[in-house]
Structure formats: C-alpha cells, structure tokens
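Coordinates as given in query15.pdb (PDB, C-alpha atoms and all ligand atoms):
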ATOM      1  CA  MET S   1      43.298 -26.971 161.379
ATOM      2  CA  SER S   2      42.675 -27.174 157.629
ATOM      3  CA  GLN S   3      44.275 -24.641 155.361
ATOM      4  CA  THR S   4      42.554 -22.837 152.513
ATOM      5  CA  ILE S   5      43.736 -22.155 148.977
ATOM      6  CA  PHE S   6      42.112 -19.729 146.510
ATOM      7  CA  ILE S   7      42.781 -20.772 142.909
ATOM      8  CA  THR S   8      42.019 -18.772 139.775
ATOM      9  CA  GLY S   9      41.469 -20.779 136.601
ATOM     10  CA  ALA S  10      40.550 -24.021 138.373
ATOM     11  CA  THR S  11      38.413 -25.336 135.507
ATOM     12  CA  SER S  12      41.328 -26.731 133.512
ATOM     13  CA  GLY S  13      45.055 -27.410 133.245
ATOM     14  CA  PHE S  14      47.351 -26.245 136.062
ATOM     15  CA  GLY S  15      44.547 -24.759 138.169
ATOM     16  CA  LYS S  16      42.500 -27.945 138.182
ATOM     17  CA  SER S  17      45.544 -30.038 139.020
ATOM     18  CA  ILE S  18      46.569 -27.602 141.782
ATOM     19  CA  ALA S  19      43.081 -28.022 143.286
ATOM     20  CA  GLU S  20      43.385 -31.817 143.135
ATOM     21  CA  THR S  21      46.869 -31.786 144.683
ATOM     22  CA  PHE S  22      45.949 -29.515 147.600
ATOM     23  CA  ALA S  23      42.585 -31.218 148.192
ATOM     24  CA  LYS S  24      44.337 -34.571 148.392
ATOM     25  CA  ALA S  25      46.509 -33.099 151.162
ATOM     26  CA  GLY S  26      43.392 -31.936 153.051
ATOM     27  CA  TRP S  27      43.263 -28.274 152.038
ATOM     28  CA  ASN S  28      39.891 -26.590 151.553
ATOM     29  CA  CYS S  29      39.600 -25.022 148.088
ATOM     30  CA  ILE S  30      38.036 -21.865 146.702
ATOM     31  CA  LEU S  31      37.652 -22.685 143.028
ATOM     32  CA  THR S  32      37.220 -19.993 140.400
ATOM     33  CA  GLY S  33      36.910 -19.661 136.628
ATOM     34  CA  ARG S  34      34.213 -18.700 134.148
ATOM     35  CA  ARG S  35      32.850 -22.201 133.423
ATOM     36  CA  ALA S  36      30.520 -22.770 136.369
ATOM     37  CA  ASP S  37      29.599 -26.311 135.264
ATOM     38  CA  ARG S  38      33.228 -27.407 135.447
ATOM     39  CA  LEU S  39      33.615 -25.791 138.875
ATOM     40  CA  THR S  40      30.560 -27.660 140.159
ATOM     41  CA  GLU S  41      31.857 -30.962 138.829
ATOM     42  CA  LEU S  42      35.339 -30.446 140.278
ATOM     43  CA  ALA S  43      34.031 -29.311 143.668
ATOM     44  CA  SER S  44      31.804 -32.349 143.931
ATOM     45  CA  GLN S  45      34.658 -34.683 142.946
ATOM     46  CA  LEU S  46      37.096 -33.162 145.452
ATOM     47  CA  SER S  47      34.712 -33.090 148.384
ATOM     48  CA  THR S  48      33.586 -36.665 147.770
ATOM     49  CA  GLN S  49      37.071 -38.019 147.178
ATOM     50  CA  TYR S  50      39.007 -36.131 149.865
ATOM     51  CA  GLY S  51      36.346 -34.953 152.343
ATOM     52  CA  ILE S  52      37.441 -31.330 152.030
ATOM     53  CA  LYS S  53      35.250 -28.208 151.791
ATOM     54  CA  THR S  54      34.933 -26.245 148.565
ATOM     55  CA  PHE S  55      33.512 -22.855 147.634
ATOM     56  CA  ASN S  56      32.918 -21.957 143.990
ATOM     57  CA  LEU S  57      33.027 -18.494 142.487
ATOM     58  CA  ALA S  58      32.282 -18.235 138.751
ATOM     59  CA  PHE S  59      33.351 -14.909 137.272
ATOM     60  CA  ASP S  60      35.412 -13.323 134.523
ATOM     61  CA  ILE S  61      38.683 -12.076 135.973
ATOM     62  CA  GLN S  62      38.852  -9.330 133.325
ATOM     63  CA  ASP S  63      35.822  -7.678 134.895
ATOM     64  CA  ARG S  64      37.021  -5.546 137.798
ATOM     65  CA  GLN S  65      33.607  -5.310 139.456
ATOM     66  CA  ALA S  66      32.984  -9.040 139.075
ATOM     67  CA  VAL S  67      36.274  -9.805 140.844
ATOM     68  CA  PHE S  68      35.447  -7.623 143.856
ATOM     69  CA  ASN S  69      31.816  -8.820 143.931
ATOM     70  CA  ALA S  70      32.979 -12.434 143.964
ATOM     71  CA  VAL S  71      35.345 -11.883 146.879
ATOM     72  CA  ALA S  72      32.622  -9.970 148.738
ATOM     73  CA  GLN S  73      30.489 -13.143 148.562
ATOM     74  CA  LEU S  74      32.950 -15.102 150.694
ATOM     75  CA  PRO S  75      31.388 -15.935 154.059
ATOM     76  CA  ALA S  76      33.508 -15.109 157.140
ATOM     77  CA  GLU S  77      34.670 -18.719 157.526
ATOM     78  CA  TRP S  78      36.119 -18.627 153.993
ATOM     79  CA  GLN S  79      38.043 -15.398 154.503
ATOM     80  CA  SER S  80      40.997 -17.057 156.272
ATOM     81  CA  ILE S  81      42.882 -17.786 153.086
ATOM     82  CA  ASP S  82      46.426 -19.144 153.299
ATOM     83  CA  VAL S  83      47.419 -19.206 149.632
ATOM     84  CA  LEU S  84      46.223 -17.320 146.544
ATOM     85  CA  VAL S  85      47.290 -18.873 143.242
ATOM     86  CA  ASN S  86      46.998 -16.387 140.384
ATOM     87  CA  ASN S  87      46.874 -18.932 137.602
ATOM     88  CA  ALA S  88      44.020 -17.890 135.270
ATOM     89  CA  GLY S  89      45.453 -16.785 131.973
ATOM     90  CA  LEU S  90      45.817 -17.456 128.304
ATOM     91  CA  ALA S  91      47.647 -16.841 125.075
ATOM     92  CA  LEU S  92      45.666 -15.882 121.983
ATOM     93  CA  GLY S  93      47.249 -16.198 118.581
ATOM     94  CA  ARG S  94      50.843 -16.436 117.469
ATOM     95  CA  ASP S  95      51.227 -13.774 114.828
ATOM     96  CA  SER S  96      53.811 -11.251 113.807
ATOM     97  CA  PHE S  97      53.378  -7.850 115.472
ATOM     98  CA  GLU S  98      51.887  -6.240 112.340
ATOM     99  CA  ASN S  99      49.326  -9.058 111.934
ATOM    100  CA  ALA S 100      48.428  -9.673 115.576
ATOM    101  CA  SER S 101      44.860  -8.921 116.593
ATOM    102  CA  LEU S 102      44.201  -5.927 118.830
ATOM    103  CA  ASP S 103      41.344  -7.839 120.455
ATOM    104  CA  ASP S 104      43.711 -10.697 121.313
ATOM    105  CA  TRP S 105      46.164  -8.241 122.862
ATOM    106  CA  ASP S 106      43.386  -6.659 124.910
ATOM    107  CA  THR S 107      42.168 -10.030 126.182
ATOM    108  CA  MET S 108      45.655 -11.197 127.173
ATOM    109  CA  ILE S 109      46.538  -7.968 128.961
ATOM    110  CA  ASP S 110      43.109  -7.749 130.628
ATOM    111  CA  THR S 111      43.292 -11.357 131.835
ATOM    112  CA  ASN S 112      46.964 -12.088 132.518
ATOM    113  CA  VAL S 113      47.923  -8.678 133.862
ATOM    114  CA  LYS S 114      44.934  -6.650 135.005
ATOM    115  CA  GLY S 115      42.941  -9.684 136.178
ATOM    116  CA  LEU S 116      45.867 -10.867 138.283
ATOM    117  CA  MET S 117      46.243  -7.403 139.801
ATOM    118  CA  TYR S 118      42.504  -7.043 140.554
ATOM    119  CA  MET S 119      42.395 -10.497 142.114
ATOM    120  CA  THR S 120      45.366  -9.817 144.330
ATOM    121  CA  LYS S 121      44.013  -6.439 145.404
ATOM    122  CA  ALA S 122      40.668  -8.048 146.302
ATOM    123  CA  ILE S 123      42.255 -10.764 148.474
ATOM    124  CA  LEU S 124      44.966  -8.614 150.061
ATOM    125  CA  PRO S 125      42.832  -7.126 152.864
ATOM    126  CA  PHE S 126      42.444 -10.661 154.290
ATOM    127  CA  PHE S 127      46.198 -11.255 154.126
ATOM    128  CA  ILE S 128      46.997  -7.871 155.644
ATOM    129  CA  LYS S 129      44.527  -8.435 158.474
ATOM    130  CA  GLN S 130      46.143 -11.813 159.177
ATOM    131  CA  GLN S 131      49.654 -10.397 158.638
ATOM    132  CA  LYS S 132      50.226 -13.626 156.762
ATOM    133  CA  GLY S 133      49.566 -15.060 153.315
ATOM    134  CA  HIS S 134      51.200 -16.459 150.215
ATOM    135  CA  ILE S 135      50.640 -15.203 146.674
ATOM    136  CA  ILE S 136      51.767 -17.587 143.949
ATOM    137  CA  ASN S 137      51.762 -16.063 140.468
ATOM    138  CA  ILE S 138      51.946 -18.293 137.419
ATOM    139  CA  GLY S 139      54.195 -16.524 134.920
ATOM    140  CA  SER S 140      55.901 -18.261 132.009
ATOM    141  CA  THR S 141      59.229 -18.694 130.276
ATOM    142  CA  ALA S 142      57.539 -16.176 127.936
ATOM    143  CA  GLY S 143      57.974 -13.714 130.789
ATOM    144  CA  LYS S 144      61.721 -14.268 130.838
ATOM    145  CA  GLU S 145      62.499 -14.248 127.097
ATOM    146  CA  VAL S 146      60.674 -12.820 124.113
ATOM    147  CA  TYR S 147      60.199 -15.169 121.169
ATOM    148  CA  LYS S 148      59.126 -14.541 117.580
ATOM    149  CA  ASP S 149      55.377 -13.896 117.198
ATOM    150  CA  GLY S 150      54.952 -13.955 120.972
ATOM    151  CA  ASN S 151      54.536 -10.156 121.245
ATOM    152  CA  GLY S 152      51.343  -9.647 123.301
ATOM    153  CA  TYR S 153      51.618 -12.848 125.338
ATOM    154  CA  CYS S 154      55.309 -12.278 126.147
ATOM    155  CA  ALA S 155      54.495  -8.703 127.178
ATOM    156  CA  SER S 156      51.752  -9.907 129.512
ATOM    157  CA  LYS S 157      54.018 -12.503 131.147
ATOM    158  CA  HIS S 158      56.930 -10.052 131.468
ATOM    159  CA  ALA S 159      54.423  -7.902 133.324
ATOM    160  CA  VAL S 160      53.624 -10.824 135.663
ATOM    161  CA  ASP S 161      57.364 -11.106 136.371
ATOM    162  CA  ALA S 162      57.594  -7.375 137.168
ATOM    163  CA  ILE S 163      54.384  -7.327 139.224
ATOM    164  CA  SER S 164      55.619 -10.292 141.277
ATOM    165  CA  LYS S 165      58.836  -8.441 142.092
ATOM    166  CA  ALA S 166      56.889  -5.286 142.946
ATOM    167  CA  MET S 167      54.471  -7.165 145.202
ATOM    168  CA  ARG S 168      57.338  -8.861 147.024
ATOM    169  CA  ILE S 169      58.890  -5.516 147.910
ATOM    170  CA  ASP S 170      55.685  -3.709 148.872
ATOM    171  CA  LEU S 171      54.197  -6.569 150.880
ATOM    172  CA  LEU S 172      57.299  -7.339 152.952
ATOM    173  CA  PRO S 173      56.050  -5.347 155.968
ATOM    174  CA  HIS S 174      52.900  -7.513 156.033
ATOM    175  CA  HIS S 175      54.754 -10.854 156.096
ATOM    176  CA  ILE S 176      53.238 -11.897 152.780
ATOM    177  CA  LYS S 177      55.201 -14.319 150.619
ATOM    178  CA  VAL S 178      55.253 -13.807 146.851
ATOM    179  CA  THR S 179      56.378 -16.630 144.592
ATOM    180  CA  ALA S 180      56.478 -16.477 140.805
ATOM    181  CA  ILE S 181      56.569 -19.785 138.941
ATOM    182  CA  HIS S 182      57.499 -19.689 135.259
ATOM    183  CA  PRO S 183      56.738 -22.918 133.375
ATOM    184  CA  GLY S 184      57.837 -23.720 129.855
ATOM    185  CA  ALA S 185      55.686 -25.673 127.391
ATOM    186  CA  ALA S 186      53.028 -27.695 129.232
ATOM    187  CA  GLU S 187      50.338 -29.934 127.786
ATOM    188  CA  THR S 188      47.011 -28.443 128.923
ATOM    189  CA  GLU S 189      44.166 -26.714 127.071
ATOM    190  CA  PHE S 190      46.553 -23.765 126.644
ATOM    191  CA  SER S 191      47.388 -24.356 122.967
ATOM    192  CA  VAL S 192      43.801 -25.210 121.979
ATOM    193  CA  VAL S 193      42.842 -21.804 123.399
ATOM    194  CA  ARG S 194      45.841 -20.103 121.781
ATOM    195  CA  PHE S 195      44.971 -21.531 118.354
ATOM    196  CA  LYS S 196      41.253 -20.852 118.864
ATOM    197  CA  GLY S 197      40.009 -24.426 118.826
ATOM    198  CA  ASP S 198      42.389 -25.824 116.189
ATOM    199  CA  GLU S 199      43.134 -29.130 117.971
ATOM    200  CA  GLN S 200      45.565 -30.315 115.292
ATOM    201  CA  LYS S 201      47.714 -27.199 115.484
ATOM    202  CA  ALA S 202      47.592 -27.391 119.264
ATOM    203  CA  ALA S 203      48.692 -31.042 119.325
ATOM    204  CA  GLN S 204      51.689 -30.207 117.100
ATOM    205  CA  VAL S 205      53.108 -28.015 119.890
ATOM    206  CA  TYR S 206      53.655 -31.145 122.003
ATOM    207  CA  ASP S 207      54.681 -33.535 119.212
ATOM    208  CA  GLY S 208      57.941 -35.435 119.527
ATOM    209  CA  TYR S 209      58.853 -34.802 123.162
ATOM    210  CA  LYS S 210      57.407 -35.129 126.661
ATOM    211  CA  ALA S 211      56.169 -31.683 127.671
ATOM    212  CA  LEU S 212      55.450 -30.650 131.260
ATOM    213  CA  GLN S 213      52.125 -31.996 132.515
ATOM    214  CA  ALA S 214      49.677 -30.071 134.691
ATOM    215  CA  ASN S 215      50.485 -32.154 137.762
ATOM    216  CA  ASP S 216      54.212 -31.389 137.422
ATOM    217  CA  VAL S 217      53.421 -27.721 137.941
ATOM    218  CA  ALA S 218      50.839 -28.491 140.653
ATOM    219  CA  ASN S 219      53.436 -30.457 142.634
ATOM    220  CA  ILE S 220      55.843 -27.514 142.448
ATOM    221  CA  VAL S 221      53.134 -25.107 143.602
ATOM    222  CA  TYR S 222      52.424 -27.465 146.502
ATOM    223  CA  PHE S 223      56.122 -27.610 147.429
ATOM    224  CA  THR S 224      56.497 -23.814 147.429
ATOM    225  CA  ALA S 225      53.372 -23.442 149.576
ATOM    226  CA  ASN S 226      54.541 -25.910 152.206
ATOM    227  CA  LEU S 227      57.928 -24.549 153.203
ATOM    228  CA  PRO S 228      58.720 -23.288 156.710
ATOM    229  CA  GLU S 229      57.208 -19.940 157.668
ATOM    230  CA  HIS S 230      60.473 -18.038 157.169
ATOM    231  CA  VAL S 231      61.296 -19.510 153.735
ATOM    232  CA  CYS S 232      60.009 -18.154 150.418
ATOM    233  CA  ILE S 233      60.893 -19.316 146.922
ATOM    234  CA  ASN S 234      60.816 -16.016 145.079
ATOM    235  CA  ASP S 235      61.207 -17.084 141.496
ATOM    236  CA  LEU S 236      61.278 -20.460 139.841
ATOM    237  CA  THR S 237      61.589 -21.379 136.165
ATOM    238  CA  VAL S 238      60.687 -24.920 135.189
ATOM    239  CA  THR S 239      60.772 -26.658 131.828
ATOM    240  CA  CYS S 240      60.599 -30.259 130.706
ATOM    241  CA  LEU S 241      63.884 -32.038 130.077
ATOM    242  CA  SER S 242      63.634 -31.413 126.307
ATOM    243  CA  GLN S 243      63.403 -27.641 126.660
ATOM    244  CA  ALA S 244      66.290 -25.325 127.572
ATOM    245  CA  ASN S 245      64.414 -22.021 127.214
ATOM    246  CA  SER S 246      61.958 -20.301 124.886
ATOM    247  CA  PHE S 247      64.237 -20.926 121.900
ATOM    248  CA  TYR S 248      65.728 -24.385 122.321
ATOM    249  CA  LEU S 249      63.458 -27.407 122.267
ATOM    250  CA  HIS S 250      65.056 -30.765 121.444
ATOM    251  CA  LYS S 251      62.665 -33.093 119.613
TER     252      LYS S 251
HETATM  253  P1  LIG D   1      44.253 -23.866 130.435
HETATM  254  O1  LIG D   1      43.690 -23.242 129.211
HETATM  255  O2  LIG D   1      44.186 -25.325 130.578
HETATM  256  O3  LIG D   1      43.624 -23.176 131.733
HETATM  257  C1  LIG D   1      43.435 -21.779 131.805
HETATM  258  C2  LIG D   1      42.541 -21.445 132.975
HETATM  259  O4  LIG D   1      42.418 -20.015 133.057
HETATM  260  C3  LIG D   1      41.133 -22.016 132.825
HETATM  261  O5  LIG D   1      40.715 -22.548 134.056
HETATM  262  C4  LIG D   1      40.297 -20.803 132.472
HETATM  263  O6  LIG D   1      38.981 -20.912 133.021
HETATM  264  C5  LIG D   1      41.046 -19.678 133.203
HETATM  265  N1  LIG D   1      40.738 -18.385 132.593
HETATM  266  C6  LIG D   1      41.098 -17.945 131.368
HETATM  267  N2  LIG D   1      40.551 -16.736 131.132
HETATM  268  C7  LIG D   1      39.828 -16.416 132.240
HETATM  269  C8  LIG D   1      39.016 -15.311 132.594
HETATM  270  N3  LIG D   1      38.843 -14.259 131.754
HETATM  271  N4  LIG D   1      38.424 -15.309 133.799
HETATM  272  C9  LIG D   1      38.586 -16.342 134.659
HETATM  273  N5  LIG D   1      39.337 -17.427 134.384
HETATM  274  C10 LIG D   1      39.944 -17.461 133.177
HETATM  275  O7  LIG D   1      45.782 -23.388 130.467
HETATM  276  P2  LIG D   1      46.971 -23.644 131.525
HETATM  277  O8  LIG D   1      46.519 -24.418 132.692
HETATM  278  O9  LIG D   1      48.133 -24.117 130.758
HETATM  279  O10 LIG D   1      47.280 -22.131 131.938
HETATM  280  C11 LIG D   1      47.270 -21.666 133.268
HETATM  281  C12 LIG D   1      48.274 -20.533 133.382
HETATM  282  O11 LIG D   1      49.574 -21.028 133.108
HETATM  283  C13 LIG D   1      48.068 -19.370 132.420
HETATM  284  O12 LIG D   1      48.326 -18.165 133.096
HETATM  285  C14 LIG D   1      49.113 -19.615 131.333
HETATM  286  O13 LIG D   1      49.485 -18.437 130.695
HETATM  287  C15 LIG D   1      50.228 -20.192 132.171
HETATM  288  N6  LIG D   1      51.233 -20.984 131.478
HETATM  289  C16 LIG D   1      50.891 -22.045 130.682
HETATM  290  C17 LIG D   1      51.872 -22.784 130.052
HETATM  291  C18 LIG D   1      51.553 -23.890 129.119
HETATM  292  O14 LIG D   1      52.391 -24.195 128.244
HETATM  293  N7  LIG D   1      50.425 -24.567 129.250
HETATM  294  C19 LIG D   1      53.293 -22.511 130.302
HETATM  295  C20 LIG D   1      53.532 -21.377 131.138
HETATM  296  C21 LIG D   1      52.545 -20.678 131.717
HETATM  297  P3  LIG D   1      37.621 -20.564 132.247
HETATM  298  O15 LIG D   1      37.877 -20.709 130.776
HETATM  299  O16 LIG D   1      36.628 -21.538 132.801
HETATM  300  O17 LIG D   1      37.327 -19.161 132.665
HETATM  301  C1  LIG D   2      53.394 -20.911 127.720
HETATM  302  C2  LIG D   2      54.712 -21.365 127.184
HETATM  303  O1  LIG D   2      56.326 -21.201 125.213
HETATM  304  O2  LIG D   2      53.959 -21.062 124.711
HETATM  305  O3  LIG D   2      53.510 -19.841 128.589
HETATM  306  O4  LIG D   2      55.070 -19.225 125.734
HETATM  307  S1  LIG D   2      55.013 -20.654 125.639
END
Could you quickly redo this structure as structure tokens?
Amino acid sequence: MSQTIFITGATSGFGKSIAETFAKAGWNCILTGRRADRLTELASQLSTQYGIKTFNLAFDIQDRQAVFNAVAQLPAEWQSIDVLVNNAGLALGRDSFENASLDDWDTMIDTNVKGLMYMTKAILPFFIKQQKGHIINIGSTAGKEVYKDGNGYCASKHAVDAISKAMRIDLLPHHIKVTAIHPGAAETEFSVVRFKGDEQKAAQVYDGYKALQANDVANIVYFTANLPEHVCINDLTVTCLSQANSFYLHK
C-alpha cells in the first residue's frame, strides 16, 4: 500500500526536492505552500512522472485559521498520513539587533515557530487516531548556535529545536516519531528571500565552496522516514564539507 507524506513549503528548495524524492519512491504527496501555481505545476509533474497521487493545499502557515481550514479539506482517503515534514520557513534580513526590523521578526516567529506548531496540532489527531506517525521538523544550524546578526532567525530555529524535544516527550505514548534535521548553508531560494530579492547578495553566500543542495537534505529526510518501526533519528545536524558550524566556513 502506498504511503503518504504531507510537506509544508513544497513550492521551492528542500520541500520541493523532498516531494520529488518521495514521489519517485511511490509515495503519495500532500503539497502545501502559498504559491498555488507552483503547487499545481509540481503536482502535475510528479503524477505524470511517477504515477503517484497528489493533493494540493495553498495557504499561509502563519494564519492559524487557514491551517486548520486546509487540513479540514482533506478527504477521508487523504487522512492516513505517514509523515509530516514541517519545512516551510524563512529568514528575513541579517541586521544587528538594534537595526533589525520588527516586521521581519514577527514574520519569522509566526512562520518558523507558530506555523510549525499550528500545522503539527492540525495533523496530530490523525496520528493519534492511528497511534502512528512521523513528524520531521526542519531546524537549522542557526538553532544550535547563535551567530552575529542572526538574532530573530536564530531565535526561531532554537525554538524549533526546543519544540522538537518537547513533542518527542509528549507524543511518546502515541508512538509518534519526532525527528529534527538541522542543515547548514544550503543553496535554495533561502538567501534570495532573506535578502529580499537581492540576487547578487544571495549568490555571495554560496561563493567559493560547494554548499548543501536541496536534494542532499531531501535524501536525508527520506532516510530518516524509512527506518524500521522501532528506530527514530531524534536529531541530526548536517553541513557541507566546507562548513564546520555556524562560524567556520572554509572557502
Ligand atoms: P526556500 O525559500 O527555497 O523554500 C521555503 C519554502 O517555505 C517555500 O516553499 C515557501 O513557499 C515556504 N513558506 C515560506 N513562508 C511560508 C508561509 N508563510 N506559508 C506557507 N509556506 C511558506 O528555502 P529552503 O528550502 O532553504 O528552506 C526550507 C526550510 O529549511 C526553512 O525552514 C529554512 O529555514 C530551513 N533551512 C534552510 C537552510 C538553507 O541554508 N537554505 C539551512 C537550514 C535550514 P511559498 O513562498 O510558496 O509559501
Ligand atoms: C540557514 C543556515 O547559516 O543562514 O538556516 O543560518 S544559516
């Protein structure tokens, strides 16, 4: 029987590559993100290429009601979800604490922290009913170490680290796995978003070394989701070979 994965932020970067990786292995995909046109295009590509089923939900994860409304739209046959990947997220700006924008802070906390919590809460009743499920949270090395001018983003990803630990404890009685994956620098649309469309500044982040690629992270997500029933990778930090941690990058 086919398995089903629910992916937040499937319109780009890690989320899109996770969808491609799981679809290739025959998983049905629930694809979410705000850009409905990209979801439609991806769903059509995956179903044509791999013969899997897709279900699209376009909504803003910051909007609590929109999250619960979206999940309420899932027909019964789409409610048997095996894996939830909480991937949607972003960094906005890289400014010293006194210069950082309050709006940027709000957006990062509302998306990376509250959105992830809403999403999980909305899907949990299915997992609890099944007494089975796997939550995979995409954190960051920014959730393990705080770097200069990373204030709001680092705070949001430290929260993902803490929430993952909290979920793992509270959900133990329901046989729900919780995995947190913390990537270092990865070449996606992440930096274009962070620097608000400044492509040149974004490209500089990946100059002079081979950063992680989206499919590197997707392959790790796939590995963690396909372990024996009794095995759970709790926490995994991954960087490219040139990066030791948030501070040391060899170019
Ligand atoms: P991308 O910008 O390529 O993808 C981000 C995804 O998140 C998009 O699909 C976007 O969809 C979705 N998203 C953002 N805001 C919202 C929202 N309000 N509602 C719904 N979906 C939203 O970046 P990455 O793939 O790199 O990032 C994915 C995750 O990985 C993030 O949590 C990021 O913090 C984390 N990460 C990234 C690293 C990197 O260096 N790239 C390293 C470590 C962690 P849409 O715009 O269509 O809504
Ligand atoms: C993204 C990696 O180093 O920009 O989470 O914080 S970093």
Using the chain letters and numbers from the file, give me the residues hit by the PyMOL selection byres (((chain S and resi 97-106) around 9) and not hetatm), as a PyMOL selection string.
chain S and resi 91-96+107-111+149-153+156
May I have the residues within 12 Å of range 205-210 of chain S as a PyMOL selection string, using all atoms listed in the file and disregarding those fewer than 2 positions away in the same chain?
chain S and resi 184-192+194-195+198-203+212-213+216+239-243+249-251
Proximity to ligand LIG 2 (chain D) - best of S:Val231, S:Ile169, S:Cys154, S:Ile18, all atoms listed in the file:
S:Cys154
What would the selection look like, as a PDB file with C-alpha atoms, keeping the file's coordinate frame, if the PyMOL selection byres (((chain S and resi 25) around 10) and not hetatm) were run on the coordinates I just shared?
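For reference, out.pdb as written:
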ATOM      1  CA  SER S   2      42.675 -27.174 157.629  1.00  0.00           C
ATOM      2  CA  GLN S   3      44.275 -24.641 155.361  1.00  0.00           C
ATOM      3  CA  ALA S  19      43.081 -28.022 143.286  1.00  0.00           C
ATOM      4  CA  GLU S  20      43.385 -31.817 143.135  1.00  0.00           C
ATOM      5  CA  THR S  21      46.869 -31.786 144.683  1.00  0.00           C
ATOM      6  CA  PHE S  22      45.949 -29.515 147.600  1.00  0.00           C
ATOM      7  CA  ALA S  23      42.585 -31.218 148.192  1.00  0.00           C
ATOM      8  CA  LYS S  24      44.337 -34.571 148.392  1.00  0.00           C
ATOM      9  CA  GLY S  26      43.392 -31.936 153.051  1.00  0.00           C
ATOM     10  CA  TRP S  27      43.263 -28.274 152.038  1.00  0.00           C
ATOM     11  CA  ASN S  28      39.891 -26.590 151.553  1.00  0.00           C
ATOM     12  CA  TYR S  50      39.007 -36.131 149.865  1.00  0.00           C
ATOM     13  CA  ILE S  52      37.441 -31.330 152.030  1.00  0.00           C
ATOM     14  CA  TYR S 222      52.424 -27.465 146.502  1.00  0.00           C
TER      15      TYR S 222
END
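Closest approach to Asn137 in chain S from the set S:Pro125, S:Ser246, S:Val193, S:Val221 is made by S:Val221, with distances taken over all atoms listed in the file.
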Can you check which parts of chain S lie within 6 Å of ligand LIG 1 (chain D)? Per residue, the shortest pair of atoms and distance in Å to one decimal, counting only C-alpha atoms and all ligand atoms, sorted by chain and number, as a tab-separated table.
residue	atom	partner	partner_atom	distance
S:Gly9	CA	D:LIG1	O5	3.2
S:Ala10	CA	D:LIG1	O5	4.6
S:Thr11	CA	D:LIG1	O5	3.9
S:Ser12	CA	D:LIG1	O5	4.3
S:Gly13	CA	D:LIG1	O8	3.4
S:Phe14	CA	D:LIG1	O8	3.9
S:Gly15	CA	D:LIG1	O8	5.8
S:Gly33	CA	D:LIG1	N5	4.0
S:Arg34	CA	D:LIG1	O17	3.5
S:Arg35	CA	D:LIG1	O16	3.9
S:Asp60	CA	D:LIG1	N4	3.7
S:Ile61	CA	D:LIG1	N4	3.9
S:Gln62	CA	D:LIG1	N3	5.2
S:Asn87	CA	D:LIG1	C12	4.7
S:Ala88	CA	D:LIG1	O4	3.5
S:Gly89	CA	D:LIG1	O12	3.4
S:Leu90	CA	D:LIG1	O13	4.5
S:Thr111	CA	D:LIG1	N3	5.3
S:Ile138	CA	D:LIG1	O11	5.6
S:Gly139	CA	D:LIG1	C21	5.5
S:Ser140	CA	D:LIG1	C20	4.0
S:His182	CA	D:LIG1	C20	6.0
S:Pro183	CA	D:LIG1	C20	4.2
S:Gly184	CA	D:LIG1	C19	4.7
S:Ala185	CA	D:LIG1	O14	3.7
S:Ala186	CA	D:LIG1	O14	3.7
S:Glu187	CA	D:LIG1	N7	5.6
S:Thr188	CA	D:LIG1	O2	4.5
S:Glu189	CA	D:LIG1	O2	3.8
S:Phe190	CA	D:LIG1	O1	3.9
Just C-alpha atoms for this one: save the residues we selected as a PDB file, in the coordinates of the input.
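Written file, result-v2.pdb:
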ATOM      1  CA  GLY S   9      41.469 -20.779 136.601  1.00  0.00           C
ATOM      2  CA  ALA S  10      40.550 -24.021 138.373  1.00  0.00           C
ATOM      3  CA  THR S  11      38.413 -25.336 135.507  1.00  0.00           C
ATOM      4  CA  SER S  12      41.328 -26.731 133.512  1.00  0.00           C
ATOM      5  CA  GLY S  13      45.055 -27.410 133.245  1.00  0.00           C
ATOM      6  CA  PHE S  14      47.351 -26.245 136.062  1.00  0.00           C
ATOM      7  CA  GLY S  15      44.547 -24.759 138.169  1.00  0.00           C
ATOM      8  CA  GLY S  33      36.910 -19.661 136.628  1.00  0.00           C
ATOM      9  CA  ARG S  34      34.213 -18.700 134.148  1.00  0.00           C
ATOM     10  CA  ARG S  35      32.850 -22.201 133.423  1.00  0.00           C
ATOM     11  CA  ASP S  60      35.412 -13.323 134.523  1.00  0.00           C
ATOM     12  CA  ILE S  61      38.683 -12.076 135.973  1.00  0.00           C
ATOM     13  CA  GLN S  62      38.852  -9.330 133.325  1.00  0.00           C
ATOM     14  CA  ASN S  87      46.874 -18.932 137.602  1.00  0.00           C
ATOM     15  CA  ALA S  88      44.020 -17.890 135.270  1.00  0.00           C
ATOM     16  CA  GLY S  89      45.453 -16.785 131.973  1.00  0.00           C
ATOM     17  CA  LEU S  90      45.817 -17.456 128.304  1.00  0.00           C
ATOM     18  CA  THR S 111      43.292 -11.357 131.835  1.00  0.00           C
ATOM     19  CA  ILE S 138      51.946 -18.293 137.419  1.00  0.00           C
ATOM     20  CA  GLY S 139      54.195 -16.524 134.920  1.00  0.00           C
ATOM     21  CA  SER S 140      55.901 -18.261 132.009  1.00  0.00           C
ATOM     22  CA  HIS S 182      57.499 -19.689 135.259  1.00  0.00           C
ATOM     23  CA  PRO S 183      56.738 -22.918 133.375  1.00  0.00           C
ATOM     24  CA  GLY S 184      57.837 -23.720 129.855  1.00  0.00           C
ATOM     25  CA  ALA S 185      55.686 -25.673 127.391  1.00  0.00           C
ATOM     26  CA  ALA S 186      53.028 -27.695 129.232  1.00  0.00           C
ATOM     27  CA  GLU S 187      50.338 -29.934 127.786  1.00  0.00           C
ATOM     28  CA  THR S 188      47.011 -28.443 128.923  1.00  0.00           C
ATOM     29  CA  GLU S 189      44.166 -26.714 127.071  1.00  0.00           C
ATOM     30  CA  PHE S 190      46.553 -23.765 126.644  1.00  0.00           C
TER      31      PHE S 190
END
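For Ile136 in chain S, the non-local neighbours within 6 Å, defined as residues at least 3 positions apart in the same chain or in other chains and counting all atoms listed in the file, are Val85, Val178, Thr179 and Ala180 of chain S.
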What gap, in Å, lies between CA of Ser80 in chain S and CA of Leu171 in chain S?
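Straight-line distance from CA of Ser80 in chain S to CA of Leu171 in chain S works out to 17.7 Å.
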Excluding Val83 in chain S and its own-chain neighbours fewer than 3 positions away, which residues fall within 7 Å of it when counting all atoms listed in the file? Please give them as a PyMOL selection string.
chain S and resi 4-6+133-135
